[in-house]
$ cat query34.cif   # mmCIF, C-alpha atoms and all ligand atoms
data_entry
#
loop_
_atom_site.group_PDB
_atom_site.id
_atom_site.type_symbol
_atom_site.label_atom_id
_atom_site.label_comp_id
_atom_site.auth_asym_id
_atom_site.auth_seq_id
_atom_site.Cartn_x
_atom_site.Cartn_y
_atom_site.Cartn_z
ATOM 1 C CA MET A 1446 -87.525 -115.496 -27.634
ATOM 2 C CA ILE A 1447 -86.377 -118.880 -26.419
ATOM 3 C CA PHE A 1448 -83.447 -117.546 -24.409
ATOM 4 C CA ASP A 1449 -85.239 -114.676 -22.721
ATOM 5 C CA TYR A 1450 -85.033 -115.120 -18.988
ATOM 6 C CA PRO A 1451 -88.306 -114.891 -17.052
ATOM 7 C CA VAL A 1452 -89.391 -111.680 -15.395
ATOM 8 C CA LEU A 1453 -88.118 -111.148 -11.874
ATOM 9 C CA ARG A 1454 -90.164 -113.085 -9.352
ATOM 10 C CA ILE A 1455 -90.434 -112.551 -5.652
ATOM 11 C CA GLY A 1456 -91.070 -115.783 -3.858
ATOM 12 C CA ARG A 1457 -92.513 -118.983 -5.184
ATOM 13 C CA THR A 1458 -95.845 -120.134 -6.541
ATOM 14 C CA HIS A 1459 -95.910 -123.456 -4.698
ATOM 15 C CA GLY A 1460 -94.995 -124.488 -1.176
ATOM 16 C CA PRO A 1461 -95.267 -128.274 -0.644
ATOM 17 C CA THR A 1462 -93.663 -129.484 2.573
ATOM 18 C CA GLY A 1463 -93.172 -132.660 4.498
ATOM 19 C CA TYR A 1464 -92.108 -135.080 1.775
ATOM 20 C CA SER A 1465 -89.571 -137.621 2.936
ATOM 21 C CA SER A 1466 -87.599 -137.670 -0.336
ATOM 22 C CA TYR A 1467 -86.614 -134.674 -2.404
ATOM 23 C CA GLU A 1468 -87.585 -136.439 -5.642
ATOM 24 C CA SER A 1469 -91.206 -136.036 -4.513
ATOM 25 C CA PHE A 1470 -90.824 -132.311 -5.131
ATOM 26 C CA ARG A 1471 -90.066 -132.853 -8.840
ATOM 27 C CA PRO A 1472 -93.557 -132.218 -10.300
ATOM 28 C CA TRP A 1473 -93.841 -129.022 -8.273
ATOM 29 C CA LEU A 1474 -90.410 -127.847 -9.391
ATOM 30 C CA ARG A 1475 -91.095 -128.686 -13.037
ATOM 31 C CA ASP A 1476 -94.155 -126.448 -12.917
ATOM 32 C CA GLU A 1477 -92.455 -123.728 -10.827
ATOM 33 C CA PHE A 1478 -89.500 -123.472 -13.220
ATOM 34 C CA THR A 1479 -91.568 -123.903 -16.401
ATOM 35 C CA PHE A 1480 -89.928 -127.132 -17.542
ATOM 36 C CA ARG A 1481 -86.489 -125.670 -18.152
ATOM 37 C CA CYS A 1482 -83.138 -125.195 -16.463
ATOM 38 C CA VAL A 1483 -83.135 -122.091 -14.285
ATOM 39 C CA TYR A 1484 -79.561 -121.283 -15.342
ATOM 40 C CA CYS A 1485 -79.164 -121.991 -19.083
ATOM 41 C CA LEU A 1486 -82.884 -122.239 -20.053
ATOM 42 C CA LYS A 1487 -82.478 -125.636 -21.677
ATOM 43 C CA ARG A 1488 -85.989 -127.061 -22.060
ATOM 44 C CA GLU A 1489 -87.299 -130.524 -21.330
ATOM 45 C CA THR A 1490 -88.838 -130.591 -24.798
ATOM 46 C CA TRP A 1491 -85.423 -130.278 -26.470
ATOM 47 C CA GLY A 1492 -84.406 -133.749 -25.428
ATOM 48 C CA GLN A 1493 -87.496 -135.377 -23.936
ATOM 49 C CA VAL A 1494 -85.354 -137.007 -21.302
ATOM 50 C CA THR A 1495 -86.757 -135.610 -18.098
ATOM 51 C CA GLY A 1496 -84.147 -137.540 -16.133
ATOM 52 C CA GLU A 1497 -81.563 -135.102 -17.452
ATOM 53 C CA PHE A 1498 -83.034 -132.472 -15.199
ATOM 54 C CA GLU A 1499 -81.899 -132.469 -11.621
ATOM 55 C CA LEU A 1500 -83.215 -131.044 -8.400
ATOM 56 C CA ASP A 1501 -80.423 -128.764 -7.303
ATOM 57 C CA HIS A 1502 -79.968 -127.852 -3.661
ATOM 58 C CA PHE A 1503 -79.437 -124.115 -3.779
ATOM 59 C CA GLU A 1504 -77.741 -124.144 -0.411
ATOM 60 C CA PRO A 1505 -75.629 -127.294 -0.713
ATOM 61 C CA GLN A 1506 -76.692 -130.378 1.205
ATOM 62 C CA SER A 1507 -73.111 -130.794 2.371
ATOM 63 C CA LEU A 1508 -73.157 -127.370 4.054
ATOM 64 C CA ILE A 1509 -76.799 -127.071 5.178
ATOM 65 C CA PRO A 1510 -78.151 -130.634 5.533
ATOM 66 C CA GLU A 1511 -81.260 -129.412 7.356
ATOM 67 C CA ARG A 1512 -82.491 -127.783 4.132
ATOM 68 C CA THR A 1513 -82.273 -131.023 2.087
ATOM 69 C CA LEU A 1514 -86.072 -131.430 2.058
ATOM 70 C CA ASP A 1515 -86.927 -127.736 1.936
ATOM 71 C CA TYR A 1516 -88.862 -126.898 -1.249
ATOM 72 C CA PHE A 1517 -87.640 -123.309 -1.123
ATOM 73 C CA ASN A 1518 -84.057 -124.571 -1.313
ATOM 74 C CA LEU A 1519 -84.643 -126.688 -4.425
ATOM 75 C CA ILE A 1520 -84.064 -125.513 -7.969
ATOM 76 C CA TYR A 1521 -84.750 -127.170 -11.322
ATOM 77 C CA ALA A 1522 -81.531 -127.367 -13.315
ATOM 78 C CA CYS A 1523 -80.001 -129.391 -16.127
ATOM 79 C CA ARG A 1524 -77.229 -131.825 -15.369
ATOM 80 C CA ARG A 1525 -74.608 -129.601 -16.983
ATOM 81 C CA CYS A 1526 -75.408 -126.538 -14.893
ATOM 82 C CA ASN A 1527 -75.894 -128.481 -11.687
ATOM 83 C CA SER A 1528 -72.496 -130.117 -12.135
ATOM 84 C CA VAL A 1529 -70.832 -126.723 -12.710
ATOM 85 C CA LYS A 1530 -72.507 -125.177 -9.695
ATOM 86 C CA LEU A 1531 -71.571 -128.008 -7.321
ATOM 87 C CA ASP A 1532 -71.198 -126.644 -3.798
ATOM 88 C CA GLN A 1533 -70.511 -123.027 -4.726
ATOM 89 C CA PRO A 1534 -72.512 -120.519 -2.741
ATOM 90 C CA ILE A 1535 -74.220 -118.375 -5.383
ATOM 91 C CA ASP A 1536 -76.829 -115.656 -5.579
ATOM 92 C CA ASP A 1537 -80.451 -116.513 -6.271
ATOM 93 C CA PRO A 1538 -80.808 -117.163 -10.021
ATOM 94 C CA LEU A 1539 -84.496 -116.160 -9.923
ATOM 95 C CA LYS A 1540 -83.337 -112.722 -8.884
ATOM 96 C CA PHE A 1541 -80.304 -112.224 -11.102
ATOM 97 C CA LEU A 1542 -81.093 -114.306 -14.188
ATOM 98 C CA ALA A 1543 -84.172 -112.252 -14.973
ATOM 99 C CA SER A 1544 -85.273 -110.502 -18.144
ATOM 100 C CA ASP A 1545 -84.645 -107.006 -16.824
ATOM 101 C CA VAL A 1546 -81.072 -107.890 -15.827
ATOM 102 C CA VAL A 1547 -79.701 -110.246 -18.481
ATOM 103 C CA VAL A 1548 -80.169 -110.204 -22.242
ATOM 104 C CA VAL A 1549 -79.041 -112.730 -24.841
ATOM 105 C CA LEU A 1550 -77.219 -111.274 -27.832
ATOM 106 C CA PRO A 1551 -77.539 -112.728 -31.349
ATOM 107 C CA ASP A 1552 -74.057 -114.279 -31.027
ATOM 108 C CA GLY A 1553 -75.261 -116.280 -28.018
ATOM 109 C CA VAL A 1554 -73.508 -114.172 -25.375
ATOM 110 C CA LEU A 1555 -75.332 -113.320 -22.153
ATOM 111 C CA SER A 1556 -74.942 -109.626 -21.450
ATOM 112 C CA SER A 1557 -75.674 -107.719 -18.271
ATOM 113 C CA ASP A 1558 -74.774 -104.447 -16.584
ATOM 114 C CA SER A 1559 -75.364 -105.944 -13.160
ATOM 115 C CA LEU A 1560 -72.234 -107.004 -11.290
ATOM 116 C CA ASP A 1561 -74.265 -109.600 -9.384
ATOM 117 C CA ALA A 1562 -75.570 -111.109 -12.606
ATOM 118 C CA LYS A 1563 -72.079 -111.088 -14.126
ATOM 119 C CA ARG A 1564 -70.708 -112.922 -11.124
ATOM 120 C CA LEU A 1565 -73.448 -115.544 -11.356
ATOM 121 C CA ILE A 1566 -72.880 -115.956 -15.114
ATOM 122 C CA GLY A 1567 -69.201 -116.529 -14.350
ATOM 123 C CA GLN A 1568 -69.833 -118.974 -11.511
ATOM 124 C CA ILE A 1569 -72.073 -121.170 -13.699
ATOM 125 C CA ASP A 1570 -69.811 -120.522 -16.745
ATOM 126 C CA LEU A 1571 -72.862 -119.492 -18.776
ATOM 127 C CA ASN A 1572 -70.768 -117.649 -21.345
ATOM 128 C CA SER A 1573 -68.514 -120.582 -22.189
ATOM 129 C CA PRO A 1574 -67.800 -120.871 -25.944
ATOM 130 C CA ALA A 1575 -69.699 -124.177 -25.991
ATOM 131 C CA LEU A 1576 -72.831 -122.612 -24.481
ATOM 132 C CA GLN A 1577 -72.633 -119.629 -26.828
ATOM 133 C CA ARG A 1578 -72.508 -121.986 -29.829
ATOM 134 C CA TRP A 1579 -75.340 -124.026 -28.336
ATOM 135 C CA ARG A 1580 -77.575 -120.939 -28.011
ATOM 136 C CA VAL A 1581 -76.876 -119.820 -31.573
ATOM 137 C CA MET A 1582 -77.617 -123.348 -32.811
ATOM 138 C CA TRP A 1583 -80.966 -123.481 -31.002
ATOM 139 C CA MET A 1584 -82.000 -120.006 -32.126
ATOM 140 C CA ARG A 1585 -81.317 -121.130 -35.700
ATOM 141 C CA ILE A 1586 -83.174 -124.439 -35.273
ATOM 142 C CA VAL A 1587 -86.214 -122.661 -33.849
ATOM 143 C CA ASP A 1588 -86.140 -120.058 -36.641
ATOM 144 C CA LEU A 1589 -85.928 -122.772 -39.306
ATOM 145 C CA ALA A 1590 -88.763 -124.712 -37.699
ATOM 146 C CA LYS A 1591 -90.851 -121.550 -37.634
ATOM 147 C CA GLU A 1592 -90.323 -121.096 -41.378
ATOM 148 C CA ARG A 1593 -90.746 -124.687 -42.465
ATOM 149 C CA ASP A 1594 -92.372 -126.922 -39.898
ATOM 150 C CA SER A 1595 -94.978 -125.385 -37.641
ATOM 151 C CA ALA A 1596 -95.596 -128.642 -35.742
ATOM 152 C CA LEU A 1597 -91.911 -128.910 -34.898
ATOM 153 C CA HIS A 1598 -91.829 -125.241 -33.951
ATOM 154 C CA GLN A 1599 -94.764 -125.824 -31.627
ATOM 155 C CA GLN A 1600 -92.973 -128.777 -30.056
ATOM 156 C CA LEU A 1601 -89.751 -126.827 -29.491
ATOM 157 C CA THR A 1602 -91.328 -123.677 -28.080
ATOM 158 C CA GLY A 1603 -94.471 -125.043 -26.427
ATOM 159 C CA PHE A 1604 -95.128 -126.878 -23.197
ATOM 160 C CA PRO A 1605 -94.381 -130.578 -22.678
ATOM 161 C CA GLU A 1606 -97.307 -132.976 -23.038
ATOM 162 C CA ASP A 1607 -97.128 -134.339 -19.514
ATOM 163 C CA LEU A 1608 -97.976 -131.264 -17.472
ATOM 164 C CA PRO A 1609 -98.083 -132.311 -13.817
ATOM 165 C CA ASP A 1610 -101.576 -132.252 -12.323
ATOM 166 C CA LEU A 1611 -100.586 -130.756 -8.981
ATOM 167 C CA GLY A 1612 -104.163 -130.793 -7.680
ATOM 168 C CA ARG A 1613 -104.001 -134.590 -7.566
ATOM 169 C CA LEU A 1614 -100.820 -134.701 -5.498
ATOM 170 C CA ARG A 1615 -101.093 -135.027 -1.752
ATOM 171 C CA PRO A 1616 -98.037 -133.504 -0.085
ATOM 172 C CA PRO A 1617 -98.125 -133.814 3.727
ATOM 173 C CA SER A 1618 -98.680 -130.074 3.751
ATOM 174 C CA ASN A 1619 -98.667 -127.097 1.375
ATOM 175 C CA SER A 1620 -98.044 -123.543 2.503
ATOM 176 C CA ARG A 1621 -99.214 -122.119 -0.846
ATOM 177 C CA PRO A 1622 -102.224 -124.179 -1.986
ATOM 178 C CA GLU A 1623 -103.490 -121.231 -4.028
ATOM 179 C CA GLY A 1624 -100.566 -121.835 -6.441
ATOM 180 C CA ILE A 1625 -102.271 -124.953 -7.816
ATOM 181 C CA GLU A 1626 -104.902 -122.780 -9.508
ATOM 182 C CA ILE A 1627 -102.221 -121.010 -11.539
ATOM 183 C CA SER A 1628 -100.196 -124.120 -12.372
ATOM 184 C CA TRP A 1629 -99.708 -124.834 -16.075
ATOM 185 C CA HIS A 1630 -101.928 -127.923 -15.937
ATOM 186 C CA ALA A 1631 -104.756 -125.894 -14.360
ATOM 187 C CA LYS A 1632 -104.340 -123.266 -17.077
ATOM 188 C CA GLN A 1633 -104.507 -125.980 -19.706
ATOM 189 C CA GLN A 1634 -107.748 -127.295 -18.161
ATOM 190 C CA ARG A 1635 -109.216 -123.791 -18.428
ATOM 191 C CA GLY A 1636 -108.016 -123.412 -22.027
ATOM 192 C CA GLN A 1637 -105.538 -120.709 -20.987
ATOM 193 C CA LEU A 1638 -102.235 -122.451 -21.726
ATOM 194 C CA PRO A 1639 -100.138 -120.263 -24.076
ATOM 195 C CA GLU A 1640 -99.043 -121.896 -27.344
ATOM 196 C CA SER A 1641 -95.432 -121.113 -26.648
ATOM 197 C CA TYR A 1642 -93.203 -119.549 -24.062
HETATM 198 ZN ZN ZN A 1701 -78.640 -125.672 -17.588
#
$ encode --input "query34.cif" --output "structure tokens"
Amino acid sequence: MIFDYPVLRIGRTHGPTGYSSYESFRPWLRDEFTFRCVYCLKRETWGQVTGEFELDHFEPQSLIPERTLDYFNLIYACRRCNSVKLDQPIDDPLKFLASDVVVVLPDGVLSSDSLDAKRLIGQIDLNSPALQRWRVMWMRIVDLAKERDSALHQQLTGFPEDLPDLGRLRPPSNSRPEGIEISWHAKQQRGQLPESY
């Protein structure tokens, strides 16, 4: 389902370091966060404007400037969610916006029994009426595409065309080079890319 959060992950797949601008981390973050906003799950393929997605400093630059170029402090988020988060200190979304903690109801509401997840949902305002309507609208669009237009359905639920080839990038250093082998582009090269996610 398009609004199912990913399974809980401990740690990251990639670990590039040493870039002098945080934009250089973008291809790594796109792959790490599977081409969607970590908070609301908006996908790149729903607008095709990659520039709408921002590299969010989890611990705000204003408070912890020394982590500005730290890959492990960067998160892939849409403009809407990044602008709601601002400089709030929040819990790790990879930990609390996970499939075993949060479920999406048919009316577009995010539901959770976890107090930590509820707090995070409140901080990012993920149950705003506008976002609930937006989820219901997308669930309906994807259902209709599934019934009537399989190419469109594939486009809306599949991977973007421009998967970053991380093996060709040359970060000054990489603490997790083994992650490249399980990047989406590498899976595609091996014929193992899922049709949808
Ligand atoms: Zn978002």
$ atom_distance --input "query34.cif" --atom1 "atom CA of A:Met1584" --atom2 "atom CA of A:Trp1473"
28.1 Å
$ closest_residue --input "query34.cif" --among "A:Val1529, A:Val1587, A:Leu1565, A:Leu1508" --to "ligand ZN 1701 (chain A)" --atoms "all atoms listed in the file"
A:Val1529
$ resolve_selection --input "query34.cif" --expression "the PyMOL selection byres (((not hetatm)) within 12 of (chain A and resi 1701))" --output "number ranges by chain"
A: 1448, 1478, 1480-1489, 1497-1501, 1520-1530, 1538, 1566, 1569-1572, 1576, 1579-1580
$ atom_distance --input "query34.cif" --atom1 "atom CA of A:Tyr1467" --atom2 "atom CA of A:Glu1606"
23.3 Å
$ closest_residue --input "query34.cif" --among "A:Gln1637, A:Ser1573, A:Thr1479, A:Asn1518" --to "A:Gly1460" --atoms "all atoms listed in the file"
A:Asn1518
$ decode --input "query34.cif" --residues "stretch 1454-1608 of chain A" --atoms "C-alpha atoms" --output "compact mmCIF listing (two decimals), in the first residue's frame"
# COMPACT_ATOMS: atom_id res chain seq x y z
CA ARG A 1454 15.58 0.18 10.21
CA ILE A 1455 18.58 0.36 12.45
CA GLY A 1456 21.25 2.54 10.96
CA ARG A 1457 21.78 3.51 7.37
CA THR A 1458 22.70 1.74 4.16
CA HIS A 1459 25.14 4.38 2.93
CA GLY A 1460 27.82 6.44 4.63
CA PRO A 1461 29.42 9.00 2.27
CA THR A 1462 31.55 11.59 4.04
CA GLY A 1463 33.73 14.53 3.24
CA TYR A 1464 31.62 16.40 0.69
CA SER A 1465 31.96 20.15 0.94
CA SER A 1466 28.30 20.89 0.13
CA TYR A 1467 25.29 19.06 1.50
CA GLU A 1468 23.63 18.97 -1.94
CA SER A 1469 26.30 16.43 -2.91
CA PHE A 1470 24.59 13.97 -0.58
CA ARG A 1471 21.33 14.12 -2.57
CA PRO A 1472 21.76 10.98 -4.73
CA TRP A 1473 22.68 8.97 -1.65
CA LEU A 1474 19.69 10.29 0.27
CA ARG A 1475 17.31 9.67 -2.62
CA ASP A 1476 18.36 6.02 -2.64
CA GLU A 1477 18.45 5.72 1.18
CA PHE A 1478 14.92 7.09 1.55
CA THR A 1479 13.51 5.33 -1.53
CA PHE A 1480 12.62 8.48 -3.45
CA ARG A 1481 9.96 9.71 -1.05
CA CYS A 1482 9.48 12.02 1.90
CA VAL A 1483 10.41 10.30 5.15
CA TYR A 1484 7.49 11.99 6.94
CA CYS A 1485 4.44 12.00 4.64
CA LEU A 1486 5.62 9.42 2.04
CA LYS A 1487 5.02 11.74 -0.89
CA ARG A 1488 6.90 10.24 -3.85
CA GLU A 1489 9.11 11.89 -6.42
CA THR A 1490 7.09 10.19 -9.14
CA TRP A 1491 3.90 11.98 -8.09
CA GLY A 1492 5.17 15.31 -9.31
CA GLN A 1493 8.41 14.62 -11.16
CA VAL A 1494 9.90 17.76 -9.71
CA THR A 1495 12.85 16.46 -7.75
CA GLY A 1496 13.63 20.00 -6.62
CA GLU A 1497 10.57 19.81 -4.40
CA PHE A 1498 12.44 17.42 -2.18
CA GLU A 1499 14.77 18.92 0.35
CA LEU A 1500 17.68 17.67 2.38
CA ASP A 1501 16.52 18.22 5.92
CA HIS A 1502 19.00 18.63 8.75
CA PHE A 1503 17.61 16.37 11.43
CA GLU A 1504 19.49 18.23 14.12
CA PRO A 1505 19.02 21.82 12.95
CA GLN A 1506 21.97 23.62 11.40
CA SER A 1507 21.19 26.61 13.60
CA LEU A 1508 21.65 24.53 16.76
CA ILE A 1509 24.35 22.04 15.71
CA PRO A 1510 26.31 23.67 12.84
CA GLU A 1511 29.05 21.04 13.05
CA ARG A 1512 26.62 18.41 11.75
CA THR A 1513 25.72 20.41 8.59
CA LEU A 1514 27.76 18.07 6.36
CA ASP A 1515 27.09 14.88 8.31
CA TYR A 1516 25.27 12.33 6.14
CA PHE A 1517 23.76 10.69 9.21
CA ASN A 1518 22.11 14.00 10.11
CA LEU A 1519 20.46 14.45 6.71
CA ILE A 1520 16.96 13.31 5.85
CA TYR A 1521 15.03 13.32 2.57
CA ALA A 1522 11.81 15.28 3.00
CA CYS A 1523 9.29 17.18 0.91
CA ARG A 1524 9.15 20.93 1.13
CA ARG A 1525 5.88 20.86 3.07
CA CYS A 1526 7.16 18.60 5.83
CA ASN A 1527 10.55 20.26 6.04
CA SER A 1528 8.88 23.65 6.45
CA VAL A 1529 6.64 22.31 9.24
CA LYS A 1530 9.53 20.69 11.05
CA LEU A 1531 11.75 23.78 10.95
CA ASP A 1532 14.06 23.80 13.97
CA GLN A 1533 11.96 21.56 16.21
CA PRO A 1534 13.92 18.84 17.93
CA ILE A 1535 12.07 15.64 17.04
CA ASP A 1536 12.50 11.91 17.40
CA ASP A 1537 14.03 9.87 14.60
CA PRO A 1538 11.34 9.32 11.94
CA LEU A 1539 13.04 6.11 10.77
CA LYS A 1540 12.36 4.72 14.21
CA PHE A 1541 8.86 6.01 14.88
CA LEU A 1542 7.32 6.30 11.42
CA ALA A 1543 7.70 2.59 10.77
CA SER A 1544 5.21 -0.02 9.64
CA ASP A 1545 5.01 -1.76 13.00
CA VAL A 1546 4.23 1.51 14.79
CA VAL A 1547 2.00 3.57 12.48
CA VAL A 1548 -0.83 2.46 10.22
CA VAL A 1549 -2.83 4.47 7.71
CA LEU A 1550 -6.60 4.11 7.97
CA PRO A 1551 -8.90 4.20 4.93
CA ASP A 1552 -10.01 7.74 5.86
CA GLY A 1553 -6.39 8.91 5.56
CA VAL A 1554 -5.72 9.18 9.29
CA LEU A 1555 -2.39 7.98 10.68
CA SER A 1556 -3.02 5.81 13.71
CA SER A 1557 -0.58 4.62 16.34
CA ASP A 1558 -0.56 3.30 19.89
CA SER A 1559 2.94 4.62 20.46
CA LEU A 1560 3.14 7.89 22.38
CA ASP A 1561 6.44 8.69 20.66
CA ALA A 1562 4.90 8.19 17.23
CA LYS A 1563 1.87 10.28 18.20
CA ARG A 1564 4.11 13.10 19.33
CA LEU A 1565 6.04 12.99 16.06
CA ILE A 1566 2.80 12.92 14.03
CA GLY A 1567 1.69 16.00 15.95
CA GLN A 1568 4.99 17.84 15.55
CA ILE A 1569 4.96 17.39 11.75
CA ASP A 1570 1.14 17.89 11.68
CA LEU A 1571 0.77 14.66 9.69
CA ASN A 1572 -2.90 14.30 10.59
CA SER A 1573 -3.94 17.73 9.34
CA PRO A 1574 -7.28 17.67 7.46
CA ALA A 1575 -5.45 18.65 4.27
CA LEU A 1576 -3.04 15.71 4.53
CA GLN A 1577 -5.86 13.30 5.33
CA ARG A 1578 -7.73 14.42 2.19
CA TRP A 1579 -4.50 14.19 0.20
CA ARG A 1580 -3.93 10.57 1.28
CA VAL A 1581 -7.49 9.55 0.44
CA MET A 1582 -7.16 11.25 -2.95
CA TRP A 1583 -3.93 9.40 -3.77
CA MET A 1584 -5.26 6.04 -2.61
CA ARG A 1585 -8.22 6.58 -4.95
CA ILE A 1586 -6.01 7.69 -7.87
CA VAL A 1587 -3.78 4.65 -7.47
CA ASP A 1588 -6.80 2.32 -7.23
CA LEU A 1589 -8.34 3.83 -10.37
CA ALA A 1590 -5.05 3.55 -12.24
CA LYS A 1591 -4.78 -0.08 -11.17
CA GLU A 1592 -8.23 -0.79 -12.64
CA ARG A 1593 -7.91 1.21 -15.83
CA ASP A 1594 -4.38 2.16 -16.75
CA SER A 1595 -1.63 -0.25 -15.84
CA ALA A 1596 1.12 1.98 -17.28
CA LEU A 1597 -0.01 4.87 -15.11
CA HIS A 1598 -0.28 2.56 -12.12
CA GLN A 1599 3.28 1.41 -12.74
CA GLN A 1600 4.44 5.02 -12.92
CA LEU A 1601 2.72 5.99 -9.67
CA THR A 1602 3.82 2.99 -7.62
CA GLY A 1603 7.15 2.11 -9.24
CA PHE A 1604 10.61 3.59 -9.03
CA PRO A 1605 11.66 6.79 -10.82
CA GLU A 1606 13.52 6.37 -14.10
CA ASP A 1607 16.67 8.15 -13.00
CA LEU A 1608 17.93 5.83 -10.28
